[in-house]
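Text of the file target-v5.txt, holding compact mmCIF, C-alpha atoms:
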```
# COMPACT_ATOMS: atom_id res chain seq x y z
CA MET A 268 -48.19 -60.65 -52.22
CA ARG A 269 -45.41 -60.64 -49.60
CA ARG A 270 -45.49 -64.44 -49.51
CA LEU A 271 -45.35 -64.58 -53.30
CA LEU A 272 -42.27 -62.34 -53.45
CA CYS A 273 -40.67 -64.11 -50.44
CA TRP A 274 -39.51 -60.97 -48.61
CA THR A 275 -38.42 -63.07 -45.61
CA ASP A 276 -36.15 -65.37 -47.64
CA PRO A 277 -33.24 -63.52 -49.31
CA GLN A 278 -32.37 -66.43 -51.57
CA GLN A 279 -35.92 -66.73 -52.88
CA LEU A 280 -36.10 -62.97 -53.25
CA ILE A 281 -32.99 -63.02 -55.45
CA LEU A 282 -34.51 -65.77 -57.60
CA THR A 283 -37.69 -63.73 -57.95
CA ALA A 284 -35.70 -60.65 -58.97
CA LEU A 285 -33.75 -62.64 -61.60
CA ILE A 286 -36.98 -64.07 -63.02
CA GLY A 287 -38.46 -60.56 -63.19
CA LEU A 288 -35.31 -59.20 -64.86
CA LEU A 289 -35.30 -61.91 -67.54
CA LEU A 290 -38.99 -61.44 -68.23
CA ALA A 291 -38.52 -57.68 -68.46
CA VAL A 292 -35.72 -58.08 -71.02
CA TYR A 293 -37.84 -60.53 -73.02
CA ALA A 294 -40.84 -58.19 -72.88
CA TRP A 295 -38.67 -55.32 -74.12
CA LEU A 296 -37.47 -57.43 -77.07
CA ALA A 297 -40.64 -59.30 -78.04
CA VAL A 298 -43.69 -57.71 -76.41
CA VAL A 299 -43.13 -53.95 -76.29
CA PRO A 300 -42.55 -53.67 -80.09
CA VAL A 301 -46.06 -55.08 -80.64
CA PHE A 302 -47.50 -51.95 -79.02
CA GLY A 303 -45.10 -49.49 -80.68
CA ALA A 304 -46.04 -46.71 -83.07
CA HIS A 305 -45.53 -49.05 -86.01
CA ALA A 306 -46.41 -52.74 -85.92
CA PRO A 307 -43.50 -55.20 -86.49
CA ARG A 308 -43.09 -56.51 -90.04
CA ALA A 309 -43.77 -60.18 -89.16
CA ASP A 310 -42.85 -61.32 -92.67
CA ASP A 311 -44.20 -64.87 -92.40
CA PHE A 312 -47.52 -63.65 -91.08
CA GLN A 313 -47.74 -61.24 -94.03
CA ASP A 314 -47.57 -64.29 -96.32
CA TYR A 315 -50.39 -65.95 -94.38
CA LEU A 316 -52.49 -62.79 -94.43
CA LEU A 317 -51.94 -62.20 -98.14
CA ALA A 318 -53.14 -65.74 -98.88
CA ALA A 319 -56.22 -65.12 -96.71
CA HIS A 320 -56.90 -61.87 -98.60
CA GLN A 321 -56.66 -63.76 -101.90
CA LEU A 322 -59.18 -66.34 -100.73
CA ALA A 323 -61.54 -63.66 -99.40
CA THR A 324 -61.57 -61.97 -102.82
CA GLY A 325 -61.71 -65.14 -104.91
CA GLY A 326 -58.03 -65.08 -105.83
CA ASP A 327 -55.23 -67.66 -105.74
CA PRO A 328 -53.60 -68.08 -102.28
CA TYR A 329 -50.47 -69.48 -103.95
CA ALA A 330 -49.98 -66.64 -106.46
CA SER A 331 -47.18 -65.06 -104.42
CA PHE A 332 -45.45 -68.43 -104.03
CA ALA A 333 -45.66 -69.15 -107.76
CA ARG A 334 -44.04 -65.77 -108.42
CA THR A 335 -41.25 -65.86 -105.83
CA HIS A 336 -40.13 -69.46 -105.36
CA VAL A 337 -36.67 -70.56 -106.53
CA PRO A 338 -37.09 -72.96 -109.49
CA TRP A 339 -34.52 -75.51 -108.28
CA ASP A 340 -35.67 -75.41 -104.65
CA TRP A 341 -39.34 -74.80 -103.93
CA SER A 342 -38.62 -74.61 -100.19
CA LEU A 343 -36.88 -71.26 -100.72
CA SER A 344 -39.87 -68.99 -101.10
CA SER A 345 -41.40 -65.94 -99.47
CA GLY A 346 -44.94 -67.00 -100.38
CA TYR A 347 -47.65 -69.07 -98.73
CA LEU A 348 -46.78 -72.80 -98.83
CA TYR A 349 -49.25 -74.44 -96.44
CA PRO A 350 -52.60 -76.24 -96.88
CA PRO A 351 -55.48 -73.94 -97.92
CA ALA A 352 -57.47 -74.54 -94.72
CA PHE A 353 -55.02 -72.55 -92.58
CA ALA A 354 -55.42 -69.48 -94.80
CA VAL A 355 -59.19 -69.94 -94.55
CA ALA A 356 -58.96 -69.73 -90.75
CA LEU A 357 -57.21 -66.35 -91.03
CA ILE A 358 -59.88 -64.71 -93.22
CA PRO A 359 -61.43 -62.87 -90.19
CA LEU A 360 -58.11 -61.00 -89.79
CA THR A 361 -58.58 -59.57 -93.29
CA TRP A 362 -61.61 -57.62 -92.07
CA ILE A 363 -59.40 -55.26 -90.05
CA SER A 364 -56.36 -53.16 -90.89
CA ASN A 365 -53.02 -54.85 -91.50
CA ASP A 366 -51.46 -52.98 -88.60
CA LEU A 367 -54.06 -54.25 -86.14
CA ALA A 368 -54.04 -57.78 -87.59
CA VAL A 369 -50.27 -58.06 -87.05
CA ARG A 370 -50.55 -56.91 -83.44
CA ILE A 371 -53.40 -59.33 -82.68
CA TRP A 372 -51.51 -62.23 -84.26
CA LEU A 373 -48.25 -61.55 -82.40
CA ILE A 374 -50.12 -61.33 -79.10
CA LEU A 375 -51.97 -64.55 -79.96
CA ILE A 376 -48.85 -66.60 -80.69
CA GLN A 377 -47.12 -65.40 -77.52
CA ALA A 378 -50.24 -66.19 -75.51
CA ALA A 379 -50.16 -69.68 -77.07
CA VAL A 380 -46.70 -70.28 -75.58
CA VAL A 381 -47.88 -69.12 -72.15
CA ALA A 382 -51.01 -71.29 -72.42
CA SER A 383 -48.84 -74.29 -73.35
CA LEU A 384 -46.72 -73.81 -70.22
CA VAL A 385 -49.86 -73.47 -68.09
CA ILE A 386 -51.11 -76.79 -69.49
CA ILE A 387 -47.76 -78.50 -68.88
CA TYR A 388 -47.51 -77.40 -65.27
CA GLY A 389 -51.18 -78.07 -64.72
CA VAL A 390 -50.36 -81.72 -65.43
CA ILE A 391 -46.95 -82.13 -63.76
CA GLY A 392 -47.46 -79.68 -60.90
CA ARG A 393 -46.40 -76.11 -60.25
CA PRO A 394 -42.67 -75.41 -60.53
CA ARG A 395 -40.57 -74.20 -57.65
CA ARG A 396 -38.82 -70.87 -57.94
CA GLY A 397 -35.45 -72.32 -58.97
CA GLU A 398 -37.05 -74.45 -61.67
CA LEU A 399 -39.07 -71.45 -62.88
CA LEU A 400 -35.88 -69.38 -63.13
CA CYS A 401 -34.22 -72.11 -65.21
CA LEU A 402 -37.24 -72.36 -67.52
CA VAL A 403 -37.43 -68.59 -67.98
CA ALA A 404 -33.67 -68.42 -68.66
CA VAL A 405 -33.95 -71.15 -71.29
CA LEU A 406 -36.99 -69.68 -73.05
CA THR A 407 -35.80 -66.06 -73.08
CA THR A 408 -32.58 -67.16 -74.82
CA PHE A 409 -34.24 -69.76 -77.06
CA PHE A 410 -33.48 -68.48 -80.57
CA PRO A 411 -36.30 -70.44 -82.27
CA LEU A 412 -38.86 -68.76 -80.01
CA LEU A 413 -37.38 -65.30 -80.49
CA SER A 414 -37.21 -65.67 -84.27
CA SER A 415 -40.71 -67.14 -84.38
CA ASN A 416 -42.09 -64.11 -82.54
CA LEU A 417 -40.11 -61.78 -84.80
CA THR A 418 -41.45 -63.27 -88.03
CA GLY A 419 -44.94 -64.19 -86.78
CA THR A 420 -44.88 -67.89 -87.68
CA MET A 421 -47.68 -70.20 -86.59
CA ASN A 422 -45.50 -72.72 -84.74
CA ALA A 423 -46.56 -71.51 -81.29
CA ILE A 424 -50.09 -72.56 -82.29
CA LEU A 425 -48.71 -76.02 -83.15
CA LEU A 426 -47.00 -76.12 -79.74
CA LEU A 427 -50.31 -75.35 -78.03
CA LEU A 428 -52.18 -78.02 -80.01
CA LEU A 429 -49.55 -80.71 -79.42
CA THR A 430 -49.32 -79.79 -75.73
CA GLY A 431 -53.11 -80.06 -75.46
CA ALA A 432 -52.96 -83.45 -77.18
CA TRP A 433 -50.25 -84.53 -74.73
CA ALA A 434 -52.38 -83.51 -71.73
CA PHE A 435 -55.58 -85.11 -73.08
CA TRP A 436 -53.68 -88.30 -73.97
CA GLN A 437 -52.40 -88.71 -70.42
CA ARG A 438 -55.95 -88.32 -69.14
CA HIS A 439 -57.16 -91.05 -71.55
CA ARG A 440 -59.26 -88.55 -73.50
CA ASP A 441 -58.22 -89.98 -76.85
CA VAL A 442 -60.88 -88.32 -79.00
CA ALA A 443 -59.87 -84.82 -77.85
CA ALA A 444 -56.17 -85.68 -78.19
CA GLY A 445 -56.68 -87.00 -81.71
CA ALA A 446 -58.65 -83.90 -82.70
CA MET A 447 -55.79 -81.69 -81.45
CA VAL A 448 -53.21 -83.56 -83.53
CA GLY A 449 -55.59 -83.46 -86.51
CA ILE A 450 -55.96 -79.68 -86.29
CA ALA A 451 -52.18 -79.35 -86.08
CA ALA A 452 -51.86 -81.49 -89.23
CA VAL A 453 -54.41 -79.33 -91.04
CA ILE A 454 -52.23 -76.29 -90.34
CA LYS A 455 -48.91 -77.96 -91.18
CA LEU A 456 -48.61 -81.58 -92.28
CA PHE A 457 -45.57 -82.79 -90.34
CA PRO A 458 -47.52 -83.69 -87.12
CA LEU A 459 -48.84 -86.62 -89.19
CA ALA A 460 -45.49 -88.27 -88.41
CA LEU A 461 -47.07 -89.17 -85.03
CA VAL A 462 -49.36 -91.66 -86.81
CA PRO A 463 -46.90 -94.63 -86.76
CA TYR A 464 -46.39 -94.16 -83.02
CA LEU A 465 -50.12 -93.95 -82.32
CA ALA A 466 -50.81 -96.96 -84.55
CA TRP A 467 -48.15 -99.00 -82.74
CA ARG A 468 -49.82 -98.15 -79.44
CA ARG A 469 -53.15 -99.21 -81.00
CA HIS A 470 -54.86 -95.90 -80.22
CA TRP A 471 -57.61 -96.51 -82.75
CA ARG A 472 -60.04 -93.97 -81.26
CA MET A 473 -57.36 -91.31 -81.30
CA LEU A 474 -56.41 -92.15 -84.88
CA THR A 475 -60.07 -92.08 -85.90
CA ALA A 476 -60.54 -88.62 -84.37
CA LEU A 477 -57.32 -87.48 -86.03
CA SER A 478 -58.47 -88.76 -89.42
CA LEU A 479 -61.93 -87.22 -89.18
CA THR A 480 -60.48 -83.87 -88.12
CA LEU A 481 -58.00 -83.97 -90.99
CA ILE A 482 -60.74 -84.83 -93.47
CA GLY A 483 -62.85 -82.01 -92.06
CA GLY A 484 -59.99 -79.58 -92.62
CA LEU A 485 -59.60 -80.75 -96.21
CA VAL A 486 -63.35 -80.41 -96.81
CA LEU A 487 -63.25 -76.90 -95.34
CA GLY A 488 -60.45 -76.02 -97.72
CA LEU A 489 -62.39 -77.43 -100.65
CA ALA A 490 -65.61 -75.68 -99.65
CA ILE A 491 -64.07 -72.20 -99.46
CA THR A 492 -61.24 -72.49 -101.96
CA SER A 493 -61.36 -73.93 -105.44
CA LEU A 494 -60.52 -77.52 -106.30
CA ASP A 495 -57.65 -76.25 -108.46
CA HIS A 496 -55.93 -74.62 -105.48
CA ASN A 497 -56.06 -77.84 -103.48
CA ILE A 498 -54.83 -79.90 -106.41
CA TYR A 499 -51.98 -77.45 -106.96
CA TYR A 500 -50.86 -77.72 -103.34
CA PHE A 501 -51.08 -81.50 -102.92
CA ARG A 502 -50.01 -82.52 -106.43
CA ASP A 503 -47.49 -79.85 -107.41
CA MET A 504 -46.19 -78.07 -104.31
CA LEU A 505 -46.07 -80.84 -101.72
CA PRO A 506 -43.81 -83.28 -103.64
CA HIS A 507 -41.25 -80.51 -104.21
CA LEU A 508 -41.37 -79.48 -100.56
CA ALA A 509 -41.09 -83.11 -99.43
CA ALA A 510 -37.89 -83.44 -101.46
CA GLY A 511 -36.19 -81.33 -98.81
CA THR A 512 -33.39 -78.82 -99.18
CA GLY A 513 -29.78 -78.66 -98.07
CA TYR A 514 -30.05 -74.94 -97.34
CA ARG A 515 -28.41 -74.07 -94.03
CA GLU A 516 -31.70 -73.11 -92.37
CA ASN A 517 -33.16 -76.61 -92.84
CA GLN A 518 -32.60 -78.27 -89.46
CA SER A 519 -34.16 -81.64 -90.27
CA LEU A 520 -32.23 -84.85 -90.86
CA ALA A 521 -32.99 -84.40 -94.56
CA GLY A 522 -31.25 -81.03 -94.55
CA PHE A 523 -28.33 -82.33 -92.49
CA THR A 524 -27.71 -85.34 -94.74
CA ALA A 525 -28.03 -83.20 -97.86
CA ARG A 526 -25.26 -80.94 -96.57
CA VAL A 527 -23.16 -84.00 -95.74
CA CYS A 528 -23.47 -85.11 -99.37
CA ASN A 529 -22.89 -81.66 -100.83
CA ALA A 530 -21.68 -78.85 -98.57
CA SER A 531 -22.36 -76.21 -101.24
CA LEU A 532 -26.11 -76.76 -100.78
CA ALA A 533 -25.88 -74.89 -97.46
CA GLN A 534 -25.51 -71.69 -99.44
CA ASP A 535 -27.43 -72.38 -102.65
CA GLY A 536 -30.16 -74.79 -101.53
CA GLY A 537 -31.36 -77.75 -103.52
CA SER A 538 -31.67 -81.46 -102.87
CA ALA A 539 -28.77 -83.91 -102.60
CA GLY A 540 -30.72 -86.52 -104.58
CA TRP A 541 -30.16 -90.20 -103.90
CA CYS A 542 -27.10 -89.53 -101.74
CA GLY A 543 -29.19 -87.54 -99.29
CA ARG A 544 -32.01 -90.10 -99.32
CA LEU A 545 -29.64 -93.01 -98.71
CA LEU A 546 -28.45 -91.25 -95.58
CA ASP A 547 -31.74 -89.68 -94.49
CA TRP A 548 -34.15 -92.60 -94.80
CA PRO A 549 -32.17 -95.05 -92.59
CA LEU A 550 -31.81 -92.34 -89.92
CA VAL A 551 -35.56 -91.61 -90.00
CA LEU A 552 -36.36 -95.31 -89.74
CA ALA A 553 -33.91 -95.62 -86.86
CA LEU A 554 -35.65 -92.77 -85.01
CA LEU A 555 -39.04 -94.41 -85.50
CA ALA A 556 -37.60 -97.74 -84.32
CA VAL A 557 -36.22 -96.10 -81.17
CA VAL A 558 -39.60 -94.50 -80.39
CA ILE A 559 -41.48 -97.74 -81.01
CA ALA A 560 -38.98 -99.72 -78.89
CA ALA A 561 -39.49 -97.23 -76.06
CA THR A 562 -43.28 -97.56 -76.28
CA SER A 563 -45.14 -99.26 -73.46
CA ARG A 564 -48.79 -100.02 -74.08
CA ALA A 565 -49.30 -100.72 -70.37
CA SER A 566 -48.82 -97.10 -69.31
CA ARG A 567 -49.07 -93.55 -70.57
CA SER A 568 -45.94 -91.61 -69.73
CA GLY A 569 -45.76 -87.95 -70.62
CA LEU A 570 -42.10 -88.50 -71.46
CA GLU A 571 -43.02 -91.14 -74.03
CA PHE A 572 -45.42 -88.87 -75.90
CA ALA A 573 -42.89 -86.03 -75.68
CA LEU A 574 -40.27 -88.38 -77.16
CA ALA A 575 -42.52 -88.92 -80.17
CA VAL A 576 -43.11 -85.16 -80.47
CA SER A 577 -39.36 -84.46 -80.39
CA THR A 578 -38.88 -86.59 -83.53
CA LEU A 579 -41.17 -84.36 -85.63
CA PRO A 580 -38.59 -81.66 -86.48
CA LEU A 581 -36.04 -84.34 -87.35
CA ILE A 582 -38.35 -86.44 -89.52
CA SER A 583 -39.87 -83.52 -91.43
CA SER A 584 -38.20 -82.94 -94.80
CA VAL A 585 -38.01 -79.19 -94.14
CA THR A 586 -37.55 -77.81 -90.63
CA TRP A 587 -36.70 -74.15 -90.26
CA SER A 588 -35.63 -72.96 -86.84
CA PHE A 589 -39.20 -71.77 -86.14
CA HIS A 590 -40.47 -75.36 -86.03
CA LEU A 591 -38.26 -76.07 -83.02
CA VAL A 592 -40.68 -74.09 -80.84
CA ILE A 593 -42.51 -77.40 -80.29
CA LEU A 594 -39.47 -78.59 -78.31
CA ILE A 595 -40.63 -76.36 -75.44
CA LEU A 596 -42.86 -79.25 -74.31
CA PRO A 597 -40.07 -81.84 -73.89
CA MET A 598 -37.65 -79.22 -72.53
CA ALA A 599 -40.06 -78.30 -69.72
CA LEU A 600 -40.42 -81.98 -68.80
CA LEU A 601 -36.65 -82.48 -68.76
CA ILE A 602 -36.12 -79.39 -66.60
CA ARG A 603 -38.64 -80.82 -64.11
CA ARG A 604 -36.61 -84.05 -63.92
CA VAL A 605 -33.44 -82.09 -63.23
CA PHE A 606 -35.01 -80.22 -60.31
CA SER A 607 -36.80 -83.28 -58.95
CA GLY A 608 -33.48 -85.12 -58.64
CA SER A 609 -34.50 -87.77 -61.17
CA MET A 610 -31.61 -86.92 -63.50
CA SER A 611 -27.89 -87.34 -62.87
CA ARG A 612 -25.46 -84.45 -62.90
CA GLY A 613 -23.93 -85.76 -66.12
CA ALA A 614 -27.33 -85.78 -67.82
CA GLY A 615 -27.91 -82.26 -66.54
CA ARG A 616 -24.64 -81.10 -68.08
CA VAL A 617 -25.69 -82.63 -71.40
CA LEU A 618 -28.86 -80.53 -71.25
CA ILE A 619 -26.70 -77.43 -70.75
CA VAL A 620 -24.98 -78.34 -74.03
CA ALA A 621 -28.42 -78.53 -75.69
CA TRP A 622 -29.26 -75.08 -74.29
CA LEU A 623 -26.01 -73.70 -75.75
CA CYS A 624 -26.96 -75.22 -79.10
CA PHE A 625 -30.24 -73.27 -79.08
CA SER A 626 -28.89 -70.00 -77.68
CA VAL A 627 -25.17 -69.33 -78.13
CA GLY A 628 -24.67 -71.62 -81.15
CA PRO A 629 -27.01 -69.77 -83.56
CA ALA A 630 -25.43 -66.43 -82.62
CA PHE A 631 -21.99 -67.72 -83.61
CA HIS A 632 -23.47 -69.31 -86.74
CA TYR A 633 -24.87 -66.04 -88.07
CA LEU A 634 -21.78 -64.14 -86.94
CA LEU A 635 -19.60 -66.45 -89.06
CA ILE A 636 -21.92 -65.99 -92.05
CA PHE A 637 -21.45 -62.21 -92.04
CA HIS A 638 -17.85 -62.24 -90.76
CA PRO A 639 -16.15 -65.46 -91.94
CA LEU A 640 -13.01 -66.66 -90.20
CA PRO A 641 -9.72 -65.93 -92.02
CA HIS A 642 -8.10 -68.68 -94.07
CA TRP A 643 -5.16 -70.21 -92.26
CA SER A 644 -2.31 -72.13 -93.82
CA GLY A 645 -1.16 -75.69 -93.31
CA LEU A 646 -3.05 -78.06 -91.02
CA LEU A 647 -4.83 -75.11 -89.39
CA ALA A 648 -6.70 -74.48 -92.65
CA ILE A 649 -9.30 -77.04 -91.61
CA VAL A 650 -10.13 -75.25 -88.33
CA PRO A 651 -12.27 -72.41 -89.79
CA ALA A 652 -14.21 -74.85 -91.99
CA VAL A 653 -14.90 -77.21 -89.08
CA LEU A 654 -15.99 -74.40 -86.74
CA THR A 655 -18.25 -72.88 -89.37
CA ARG A 656 -19.79 -76.26 -90.17
CA LEU A 657 -20.25 -77.15 -86.50
CA THR A 658 -22.02 -73.89 -85.63
CA GLY A 659 -24.25 -74.38 -88.68
CA GLU A 660 -25.51 -77.69 -87.28
CA THR A 661 -26.13 -76.62 -83.69
CA TYR A 662 -29.93 -76.81 -84.01
CA VAL A 663 -29.72 -80.39 -85.31
CA ILE A 664 -27.26 -81.31 -82.54
CA GLY A 665 -29.46 -79.69 -79.88
CA THR A 666 -32.58 -81.47 -81.13
CA MET A 667 -30.77 -84.83 -81.09
CA ILE A 668 -29.60 -84.14 -77.53
CA ILE A 669 -33.19 -83.42 -76.46
CA PHE A 670 -34.34 -86.64 -78.14
CA GLY A 671 -31.57 -88.69 -76.50
CA SER A 672 -32.18 -87.10 -73.08
CA LEU A 673 -35.87 -87.95 -73.28
CA TRP A 674 -35.05 -91.54 -74.20
CA PHE A 675 -32.68 -91.97 -71.24
CA ALA A 676 -35.15 -90.21 -68.91
CA LEU A 677 -37.94 -92.53 -70.04
CA ARG A 678 -35.77 -95.59 -69.41
CA SER A 679 -34.84 -94.25 -65.98
CA GLU A 680 -38.49 -93.55 -65.15
CA ARG A 681 -39.56 -97.07 -66.05
CA ARG A 682 -36.61 -98.64 -64.24
CA ALA A 683 -37.50 -96.69 -61.10
CA ALA A 684 -41.14 -97.79 -61.40
CA THR A 685 -40.03 -101.44 -61.73
CA VAL A 686 -37.73 -101.52 -58.71
CA ALA A 687 -39.92 -99.35 -56.46
CA PRO A 688 -41.16 -101.39 -53.46
CA PRO A 689 -44.91 -101.88 -53.24
CA GLU A 690 -46.74 -99.70 -50.76
CA THR A 691 -47.44 -101.34 -47.42
CA PRO A 692 -51.18 -101.38 -46.73
CA ARG A 693 -52.22 -99.46 -43.66
CA LEU A 694 -53.88 -101.38 -40.84
CA ALA A 695 -57.22 -100.18 -39.70
CA ALA A 696 -57.16 -98.49 -36.32
```
Represent the structure from my file as structure tokens, please.
Amino acid sequence: MRRLLCWTDPQQLILTALIGLLLAVYAWLAVVPVFGAHAPRADDFQDYLLAAHQLATGGDPYASFARTHVPWDWSLSSGYLYPPAFAVALIPLTWISNDLAVRIWLILIQAAVVASLVIIYGVIGRPRRGELLCLVAVLTTFFPLLSSNLTGTMNAILLLLLTGAWAFWQRHRDVAAGAMVGIAAVIKLFPLALVPYLAWRRHWRMLTALSLTLIGGLVLGLAITSLDHNIYYFRDMLPHLAAGTGYRENQSLAGFTARVCNASLAQDGGSAGWCGRLLDWPLVLALLAVVIAATSRASRSGLEFALAVSTLPLISSVTWSFHLVILILPMALLIRRVFSGSMSRGAGRVLIVAWLCFSVGPAFHYLLIFHPLPHWSGLLAIVPAVLTRLTGETYVIGTMIIFGSLWFALRSERRAATVAPPETPRLAA
């Protein structure tokens, strides 16, 4: 224990104390309320649980969605809007009280984040104390993680599945990796955007496992729910959700381009139509082209797979801030490169900007929503509008910085591997 706390090294002791302080603050904000007298509301989880209750009693899991969604923008809804199979998986939680179910779920999603980090560092090696402090500082101020824990969304489960797929993929266990991605796609469809990358790498076994897992999830949904519910989701709901929304919470490229075409959509929601598509589709294709160009079939770099994962929130037609929890995987890999000396100081400063986009930026964004800047006269009149617009796009900017940093890190890794001198064979004694 004394060695772990580093009593003999004051600098290491200070780092340990700072890590403990940050974790204590995070526990007070996100963990202690789970064990309070009253369970947190966890609004998103309540939607999941209500859909599971409906299925358990032979009802319609989408009844709440049909009642509450906004007619001109189906993305703006407080109901259940995911494939039926995910609600099926939550039916066991309907056998206990709502209060206990919420507590179990919130503990589960936070454990999923911890398990993801254990998997990451099990592959890349244990972090030193300074790196651990940086990681803890980033995660405890990461707004998407805090808001995900507050609302009880399932995105931490997606992080765990994609992290497991990343680890299995590097170990050439393609069947297990494909099954992980398939389960993630059964829960929420946007992980299917990894398919073009996997197909380009010719991972046919992984794609086969992914397909079979996805089909199994659909069959499970059909077996427990009615055919009408599945038809309603895939024929009626999904096309409207895929149309995207310009609402300010949509942090995908589709949402960003919709707001570029029509700034009023940030408040009212709705799609920008052909204007948004003409901007969004070329950007999505460009992202896919960058990932494919960075692909090397001769090796399996964790950075390359993480690069493909980082495109998912951008390519998805609807990406609320909660989805950005999956960026914890690439962020941990980038932090390792900073502390291993593989990244320049300039690149490290760029990552600090990304951290500000995920921590300070959202705070200013919501502050300006509730307390708008005053209207100034003359040329200064543009300043409040620009600042408000910039803070509203900080998640998109931060995600693009993570994507770009991974791309440069991958290039640097491969360049270093190319110029590295071959090892000199040792002579036998």
Give as an NGL selection string each residue that has an atom at most 12 Å from (-37.9, -66.0, -81.1) in the file, counting all atoms listed in the file.
:A and (293-294 or 296-298 or 309 or 373 or 376-377 or 380 or 405-423 or 588-592 or 625-626 or 629)
Contacts of Phe457 in chain A at 8 Å or less, counting only C-alpha atoms, minus same-chain residues fewer than 2 places along, as a short mmCIF file (atom, residue, chain, number, x, y, z; two decimals) with C-alpha atoms, in the frame of the given file?
```
data_model
loop_
_atom_site.label_atom_id
_atom_site.label_comp_id
_atom_site.auth_asym_id
_atom_site.auth_seq_id
_atom_site.Cartn_x
_atom_site.Cartn_y
_atom_site.Cartn_z
CA ALA A 452 -51.86 -81.49 -89.23
CA LYS A 455 -48.91 -77.96 -91.18
CA LEU A 459 -48.84 -86.62 -89.19
CA ALA A 460 -45.49 -88.27 -88.41
CA LEU A 579 -41.17 -84.36 -85.63
CA SER A 583 -39.87 -83.52 -91.43
#
```
Could you list, as a PyMOL selection string, every residue within 12 Å of Leu357 in chain A, counting all atoms listed in the file and ignoring same-chain residues fewer than 4 positions away?
chain A and resi 312-323+328+351-353+361-363+368-369+371-372+421+454
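Take CA of Val381 in chain A and CA of Leu399 in chain A: the distance between them is 13.0 Å.
Atom pair CA of Phe332 in chain A / CA of Leu426 in chain A has a distance of 25.5 Å (rounded to one decimal).
The space separating CA of Met473 in chain A from CA of Ala561 in chain A comes to 19.5 Å.
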Counting all atoms listed in the file, figure out which residue out of A:Gly569, A:Gly325, A:Gly484, A:Gly628 gets nearest to Leu600 in chain A.
A:Gly569
